[in-house]
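Student: My questions all concern the structure below.
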Amino acid sequence: MRRPWRRFWRIVSRYMPKQLYARSLIIVIAPMLLLQSVIAFVFMERHWQTVTQRLSQAVTRDISAIIDMIETYPGNDGYAQVIRIAQERLALKIDLLPPDPLPAPGPKPFFSILDQTLGEEITRQINRPFWLDTVGNSNIIEIRIQLENQVLRVFARRSQAYASNTHIFLLWMVGTSLVLIAIAVAFLRNQIRPILQLAAAADSFGKGRPTPSDFRPRGAEEIRRAGSAFLLMRERIERQIEQRTAMLTGVSHDLRTILTRFKLQLAVAGSKEDIEALNQDIEDMRSMLEGYLAFARGEAAEDPGAFDLAAFFDRAVEEAGLRDCTLKVETLGSTHLHARPNAFSRLLNNVIGNAFRYASNVEITARNTNGTLTITVDDDGPGIPADMREDVFKPFVRLDEARNQDESGTGLGLSIARDIARSHGGDVTLDDSPLGGLRAVIRVPS
């Protein structure tokens with residue numbers, strides 16, 4: 001029994017709007033429209049039918065009295081008096097026609113409450129053959145009743161037999177509905193705006209961009225509490241980043257001092273052949289130290305700014321020439337990006353440098369469309385097995401089976417690249433390259 005309901009709600013949710021503003025409008029407007037529809041139906045069913053029935057009874061009663069007078073006072077003088085009384089006292093225009101057959105019944109209008117009610121009353125009160133025409137002139141209805149030797153034709157205003165002022169009720173109903181909808185829209189927009197501002201502030205903070213300067217908790221109490229919690233969370237994260245950066249700066253300075261002291265001591269001690277290996281070890285330690293600190297620091301303390309992809313790719317082409325590597329670059333869309341320049345440059349250097357290290361042909365394609373920058377780096381190197389591509393993003397992991405184990409490195413290049421990409425609200429993924437090697441795809445908001 002639950003499955004059909006679940007299927008029904010799944011279909012409904014598929015076509016429902018996804019935005020909170022639109023859903024809130026539906027929650028407010030749908031009951032309002034349902035209430036107005038019920039009121040309109042009750043009005044049509046009760047008011048129109050009741051009032052129209054009473055008006056039709058009165059008109060039929062007048063026509064019945066006219067028939068009685070015609071049959072009671074026959075003759076031309078009597079007919080003239082009846083016509084005068086009907087016109088002056090009853091607001092009915094009547095005349096007597098030859099006893100010809102009544103016209104054939106015409107087509108019924110779609111909304112035939114008048115035809116039905118007036119016809120029932122004529123049948124009940126007069127009970128003689130009759131013919132109605134309510135379709136012709138919209139302000140006049142024509143009634144023909146078969147008498148013994150003649151036909152009585154009556155012209156009456158539609159308002160005498162039909163509640164024709166219902167449009168006023170409908171006008172008021174529609175007008176009040178529009179006013180209430182306008183108030184609901186203005187109120188909901190004012191309530192939704194703080195939520196959108198909070199979402200924009202969180203999105204900017206997640207992309208490493210500064211929070212909008214005009215952001216502050218607004219709106220309902222729950223939204224204000226969420227905004228205040230976000231601001232406190234941002235302050236705690238920024239404070240932790242500052243503390244970590246300060247600590248890492250101190251550690252970096254102390255360790256570099258020690259390494260420099262080692263190099264100086266080795267420079268004045270022993271022969272060159274004896275200290276060459278030690279100097280190489282110190283250089284490796286320095287390189288590893290820089291890699292560890294860069295990974296831990298993540299360039300998080302850098303302020304966002306403008307980054308020029310075209311200038312970076314020009315430098316990459318020059319570097320490819322020095323490495324005896326062929327590089328092709330294609331850019332589509334804007335080459336300007338709002339990011340942390342040093343961090344984003346390190347991201348590209350790590351990914352492209354990885355391709356330079358293991359391949360002889362590299363192709364780069366950058367597409368900046370629909371608010372997303374996608375940079376694809378293809379190479380013809382040995383590649384990485386599909387089941388091991390996520391492992392290379394883990395810190396200190398090197399795949400010696402796929403890459404030359406004689407190459408120096410700490411196994412942090414791609415880890416740092418993904419960390420920087422995610423701090424910008426994007427990601428780095430690996431796939432097969434059409435060149436036969438590895439494809440690295442960088443996606444970040446532009």
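Residue numbering restarts at 1 for every chain of the structure tokens, chains are lettered A, B, ... in their displayed order, and ligands are numbered from 1 as they appear.
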List the neighbours of Gly437 (chain A) out to 8 Å using only C-alpha atoms; skip same-chain residues closer than 2 positions along the sequence, and give me the result as a ChimeraX atom specification.
Tutor: /A:378-384,432-435,439
Student: So that I can check the surroundings of Arg158 (chain A), please list as a ChimeraX atom specification every protein, DNA and RNA residue that reaches within 6 Å of it, counting only C-alpha atoms and ignoring chain neighbours fewer than 6 positions away.
Tutor: /A:139-141
Student: Select from region 49-294 of chain A everything DSSP, run on the backbone, classes as strand (DSSP E), then give the selection as a list in words.
Tutor: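 Going through region 49-294 of chain A, the strand (DSSP E) residues come out as Lys93, Ile94, Asp95, Leu96, Leu97, Phe130, Trp131, Leu132, Asp133, Ile140, Ile141, Glu142, Ile143, Arg144, Ile145, Gln146, Val151, Leu152, Arg153, Val154, Phe155, Ala156 and Arg157 of chain A.
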Student: Write the selection just made, keeping N, CA and C atoms, as a tab-separated table (two decimals), in the first residue's frame?
Tutor:
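Output (result-v8.tsv):
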```
chain	number	residue	atom	x	y	z
A	93	LYS	N	-42.85	43.01	-21.78
A	93	LYS	CA	-43.41	43.39	-23.08
A	93	LYS	C	-44.04	42.13	-23.69
A	94	ILE	N	-45.35	42.20	-23.93
A	94	ILE	CA	-46.05	41.02	-24.43
A	94	ILE	C	-46.79	41.37	-25.71
A	95	ASP	N	-47.06	40.36	-26.49
A	95	ASP	CA	-47.96	40.48	-27.64
A	95	ASP	C	-48.49	39.09	-27.95
A	96	LEU	N	-49.62	39.08	-28.71
A	96	LEU	CA	-50.29	37.83	-29.05
A	96	LEU	C	-50.02	37.52	-30.52
A	97	LEU	N	-49.61	36.28	-30.79
A	97	LEU	CA	-49.28	35.84	-32.14
A	97	LEU	C	-50.32	34.84	-32.62
A	130	PHE	N	-44.31	25.46	-24.23
A	130	PHE	CA	-43.59	26.73	-24.22
A	130	PHE	C	-42.28	26.59	-25.00
A	131	TRP	N	-41.69	27.76	-25.25
A	131	TRP	CA	-40.39	27.84	-25.95
A	131	TRP	C	-39.59	28.99	-25.36
A	132	LEU	N	-38.30	28.72	-25.09
A	132	LEU	CA	-37.43	29.72	-24.49
A	132	LEU	C	-36.29	30.07	-25.42
A	133	ASP	N	-35.87	31.33	-25.34
A	133	ASP	CA	-34.67	31.77	-26.07
A	133	ASP	C	-33.88	32.68	-25.13
A	140	ILE	N	-32.04	40.36	-23.02
A	140	ILE	CA	-33.47	40.07	-23.16
A	140	ILE	C	-33.66	38.57	-23.31
A	141	ILE	N	-34.68	38.05	-22.65
A	141	ILE	CA	-35.07	36.64	-22.86
A	141	ILE	C	-36.48	36.64	-23.47
A	142	GLU	N	-36.70	35.69	-24.34
A	142	GLU	CA	-37.99	35.58	-25.04
A	142	GLU	C	-38.66	34.29	-24.61
A	143	ILE	N	-39.95	34.41	-24.27
A	143	ILE	CA	-40.75	33.25	-23.83
A	143	ILE	C	-42.00	33.20	-24.67
A	144	ARG	N	-42.27	32.04	-25.26
A	144	ARG	CA	-43.53	31.84	-26.02
A	144	ARG	C	-44.28	30.68	-25.37
A	145	ILE	N	-45.61	30.97	-25.13
A	145	ILE	CA	-46.46	29.96	-24.49
A	145	ILE	C	-47.67	29.71	-25.38
A	146	GLN	N	-47.93	28.44	-25.63
A	146	GLN	CA	-49.04	28.05	-26.49
A	146	GLN	C	-50.35	28.14	-25.72
A	151	VAL	N	-50.72	32.41	-29.49
A	151	VAL	CA	-49.43	32.20	-28.82
A	151	VAL	C	-49.06	33.51	-28.11
A	152	LEU	N	-48.77	33.38	-26.81
A	152	LEU	CA	-48.37	34.53	-26.03
A	152	LEU	C	-46.84	34.63	-26.08
A	153	ARG	N	-46.37	35.81	-26.55
A	153	ARG	CA	-44.92	36.06	-26.59
A	153	ARG	C	-44.59	37.12	-25.55
A	154	VAL	N	-43.61	36.80	-24.71
A	154	VAL	CA	-43.22	37.67	-23.61
A	154	VAL	C	-41.73	37.99	-23.75
A	155	PHE	N	-41.40	39.28	-23.65
A	155	PHE	CA	-40.00	39.72	-23.59
A	155	PHE	C	-39.75	40.26	-22.19
A	156	ALA	N	-38.71	39.72	-21.52
A	156	ALA	CA	-38.35	40.16	-20.17
A	156	ALA	C	-36.83	40.41	-20.11
A	157	ARG	N	-36.50	41.34	-19.24
A	157	ARG	CA	-35.07	41.55	-19.04
A	157	ARG	C	-34.45	40.34	-18.34
```
Student: So which bits of region 203-246 of chain A end up helix (DSSP H, G or I) when you DSSP the backbone, as a PyMOL selection string?
Tutor: chain A and resi 203-206+221-246
Student: At what distance in Å, to one decimal, does CA of Gln53 (chain A) lie from CA of Met173 (chain A)?
Tutor: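 A separation of 23.5 Å between them.
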Student: Nearest residue to Asp391 (chain A) out of A:Thr429, A:Asn127, A:Gln36, A:Gln197, using only C-alpha atoms?
Tutor: A:Thr429
Student: Quick one: pull the distance between CA of Ser360 (chain A) and CA of Val329 (chain A), Å, one decimal.
Tutor: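 About the pair CA of Ser360 (chain A) and CA of Val329 (chain A): they are 14.6 Å apart.
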Student: Record the distance separating CA of Pro74 (chain A) and CA of Asn149 (chain A), expressed in Å with one decimal.
Tutor: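 Pair CA of Pro74 (chain A) / CA of Asn149 (chain A) returns 11.4 Å.
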Student: Counting only C-alpha atoms, which of A:Val174, A:Ile237, A:Ile282, A:Leu90 gets nearest to Arg261 (chain A)?
Tutor: A:Ile282
Student: If we count only C-alpha atoms and set the cut-off at 12 Å, which residues sit around Gly353 (chain A), ignoring sequence neighbours fewer than 5 positions away in its own chain? Please answer as a VMD selection string.
Tutor: chain A and resid 316 to 317 319 to 320 323 325 327 345 to 348 358 to 360 362 377 to 379 409 413 to 414 417 440
Student: Of the residues A:Ile27, A:Gln191, A:Leu255, A:Ala202, which is the one nearest to Glu222 (chain A), using only C-alpha atoms?
Tutor: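 Checking each of A:Ile27, A:Gln191, A:Leu255, A:Ala202 against Glu222 (chain A), counting only C-alpha atoms, the winner is A:Gln191.
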Student: Rank nothing, just name the residue among A:Leu180, A:Ile241, A:Val82, A:Leu20 nearest to Arg193 (chain A), using only C-alpha atoms.
Tutor: A:Leu20
